[in-house]
Amino acid sequence: MSEVVTGKVRTSIPQRMDRLPWARWHLMIVIGLGTVWILDGLEVTIVGNLAPQLSKPGSGVDITAGQVSGPAAAIYVAGSCTGALFFGWLTDRFGRKKLFMITLAVYLLGTALTALSWNAWWFFACRFLTGFGIGGEYAAINSAIDELIPSKHRGRIDIIINGSYWLGAAAGALLTIPVLNLFPVGVGWRLAFGLGVVLGLGVLLVRRNVPESPRWLIIHGRTREAEDLVGGIEHRVEDETGRKLPAPDGDMVIQQRRSLGFGLIATTLFRRYPKRAVLGFSLFIGQAFLYNAITFGYADILTTFFDIDTNTGYFYAVIAVGNFLGPLLLSPLFDTVGRVPMISGCYIGSGLLLLGTAWLFDQGHLSAVTLTACWCVVLFFASAGASSAYLTVSEIFPMETRALAIAFFYAIGTAAGGISGPLIFSALVSSGVPRDTALAFCIGAVLMILAGLVELMFGVKAEGKGLEEIATPLTAQSDG
């Protein structure tokens, strides 16, 4: 694809956005964009915990629990990876706002159609479509958040937002309890998916007020729109805080382009930043295998080894709370202590704790309650680490490649752990042999530890820095 050049402009828009103090306007961005992770958590958890219900006679779908936690989970992840790449490319080309509205609409359609499933193949197809929309969300939302949030708050906000997935997971886990106990087998699970549609429509209404990224606008030749948008944000923040904003710290010259060639983007990722590319792969593969391979099948573990069928939601809700508390409580340290020590510490620490859990499980020392307690400790750190993977790839590559970079590393890493993981893990759990399940734990643990070591070698000290300082835009020009 050829580049379409429009002109050269000097701008201080990135610096103006980064020097803003925290205000209610930023909170609107967090609510409008971040709440979709709650929907993703709700979606995945409902499916995992409803697996035993869907497999019962009278559910209306001829499907087994293993098909729900295995092939259906893998198909959902395959849809996410495909959607991330497709919508990630479109996001960098056509803008953040347009795409984060479209991807949410695709998610809503997939979820609504899932509730109407009547056989396994329709269920699988709907899971792919739902994942297709969610994958696009990851690229569009993370790129927009990083470009709209000031640099000194970017780390903690990004990590908390990605960690909010687990609020949805907790809600989804608790929601399955009345579904399993109060409604007929063929009705309850459909109502659960229907609730996801209702919540998504609410997010869609809030999201209409989230603006386009001014950084994207200025690079793509829409100078007037970018200036008017940032000027309006500045006036609003000054009115809220009652203080005059300081002058921006510097400016830069941009060679505006309406489009960028895909070859230039690919060259940037792999030739200009090869170490950062290895880092992105490592972080995503480690966290994706651990989460997609293990948490997708947690209900199966409780059923297979501890004979818990209808109340798995209670256990999963506890795990989900531990997952959210990690990003919530540890996130400020990513901006103060620093990216490298916190990311590597969370990855290596969670991996070592998971190895200990695997040994205890293999030796038969754990009950459903104590296994859940162990998982809470492991995932407290792993969740903050997983959230930091999205933060890392969204801030260490140039502005013009941001959405596609997020999509690419998410797709490759998640495909490695998220498609093969559920398939392997469901087979290991279904054997009923504790050592087989412990083996899956160990694989996830080792990959997390290796990713933490890669962070120590190639990690980028991005805390407190503007995005343009971390990775110079491809369109940036010298003053001469």
# chains A, B, ... in the order shown; residues from 1 in each chain; ligands from 1
$ residues_around --residues "A:Val106" --least-positions-apart "4" --cutoff "12 Å" --atoms "only C-alpha atoms" --output "compact mmCIF listing (two decimals) with N, CA and C atoms, in the first residue's frame"
# COMPACT_ATOMS: atom_id res chain seq x y z
N GLY A 79 -10.85 -16.55 17.12
CA GLY A 79 -11.58 -15.37 16.67
C GLY A 79 -10.97 -14.10 17.19
N SER A 80 -10.54 -14.11 18.46
CA SER A 80 -9.91 -12.93 19.05
C SER A 80 -8.63 -12.56 18.32
N GLY A 83 -9.55 -11.22 14.82
CA GLY A 83 -10.14 -9.89 14.95
C GLY A 83 -9.12 -8.84 15.33
N PHE A 87 -8.82 -5.78 12.79
CA PHE A 87 -9.24 -4.47 13.29
C PHE A 87 -8.05 -3.62 13.73
N LEU A 99 -13.22 2.56 15.05
CA LEU A 99 -13.06 1.11 15.21
C LEU A 99 -13.52 0.61 16.57
N PHE A 100 -13.33 1.41 17.65
CA PHE A 100 -13.79 0.87 18.93
C PHE A 100 -15.31 0.92 19.06
N MET A 101 -15.99 1.60 18.15
CA MET A 101 -17.45 1.50 18.08
C MET A 101 -17.85 0.24 17.28
N ILE A 102 -17.15 0.00 16.17
CA ILE A 102 -17.47 -1.15 15.32
C ILE A 102 -17.19 -2.46 16.04
N GLY A 110 -22.26 -11.15 18.24
CA GLY A 110 -21.82 -12.52 18.52
C GLY A 110 -22.42 -13.06 19.80
N THR A 111 -22.49 -12.24 20.84
CA THR A 111 -23.05 -12.68 22.11
C THR A 111 -24.55 -12.96 21.99
N ALA A 112 -25.26 -12.07 21.29
CA ALA A 112 -26.70 -12.27 21.11
C ALA A 112 -26.98 -13.56 20.35
N LEU A 113 -26.20 -13.83 19.31
CA LEU A 113 -26.41 -15.04 18.53
C LEU A 113 -26.03 -16.30 19.32
N CYS A 126 -20.58 -18.81 16.72
CA CYS A 126 -20.88 -17.60 17.48
C CYS A 126 -19.74 -17.24 18.42
N ARG A 127 -19.08 -18.27 18.97
CA ARG A 127 -17.93 -17.99 19.82
C ARG A 127 -16.81 -17.33 19.00
N PHE A 128 -16.63 -17.78 17.76
CA PHE A 128 -15.62 -17.16 16.90
C PHE A 128 -15.97 -15.69 16.64
N LEU A 129 -17.23 -15.42 16.32
CA LEU A 129 -17.65 -14.04 16.03
C LEU A 129 -17.51 -13.15 17.26
N THR A 130 -17.88 -13.66 18.42
CA THR A 130 -17.73 -12.88 19.65
C THR A 130 -16.26 -12.57 19.91
N GLY A 131 -15.40 -13.57 19.77
CA GLY A 131 -13.97 -13.35 19.94
C GLY A 131 -13.41 -12.38 18.91
N PHE A 132 -13.94 -12.43 17.70
CA PHE A 132 -13.51 -11.53 16.62
C PHE A 132 -13.69 -10.07 17.05
N GLY A 133 -14.83 -9.78 17.68
CA GLY A 133 -15.07 -8.42 18.15
C GLY A 133 -14.19 -8.06 19.33
N ILE A 134 -14.04 -8.98 20.28
CA ILE A 134 -13.22 -8.70 21.46
C ILE A 134 -11.77 -8.49 21.08
N GLY A 135 -11.25 -9.27 20.13
CA GLY A 135 -9.86 -9.10 19.70
C GLY A 135 -9.62 -7.72 19.12
N GLY A 136 -10.58 -7.25 18.33
CA GLY A 136 -10.47 -5.89 17.80
C GLY A 136 -10.50 -4.84 18.89
N GLU A 137 -11.24 -5.11 19.95
CA GLU A 137 -11.31 -4.18 21.08
C GLU A 137 -9.93 -3.99 21.71
N VAL A 197 -25.31 -8.87 26.51
CA VAL A 197 -25.77 -7.95 25.45
C VAL A 197 -26.28 -6.65 26.06
N GLY A 200 -23.43 -4.58 27.29
CA GLY A 200 -22.68 -4.04 26.17
C GLY A 200 -23.36 -2.85 25.53
N LEU A 201 -24.67 -2.88 25.45
CA LEU A 201 -25.40 -1.74 24.90
C LEU A 201 -25.21 -0.50 25.77
N LEU A 204 -21.87 0.90 24.96
CA LEU A 204 -21.91 1.54 23.64
C LEU A 204 -22.44 2.97 23.74
$ closest_residue --among "A:Ala476, A:Leu290, A:Leu20, A:Ala462" --to "A:Gly231" --atoms "only C-alpha atoms"
A:Leu20
$ closest_residue --among "A:Ile254, A:Leu302, A:Ala471, A:Ile31" --to "A:Tyr314" --atoms "only C-alpha atoms"
A:Leu302
$ atom_distance --atom1 "atom CA of A:Phe408" --atom2 "atom CA of A:Ser213"
20.6 Å
$ residues_around --residues "A:Leu353" --least-positions-apart "3" --cutoff "6 Å" --atoms "only C-alpha atoms" --output "PyMOL selection string"
chain A and resi 350+356+378
$ closest_residue --among "A:Leu467, A:Leu360, A:Ile348, A:Ile424" --to "A:Ile13" --atoms "only C-alpha atoms"
A:Leu467
$ closest_residue --among "A:Trp375, A:Tyr107, A:Phe94, A:Phe380" --to "A:Gly196" --atoms "only C-alpha atoms"
A:Tyr107
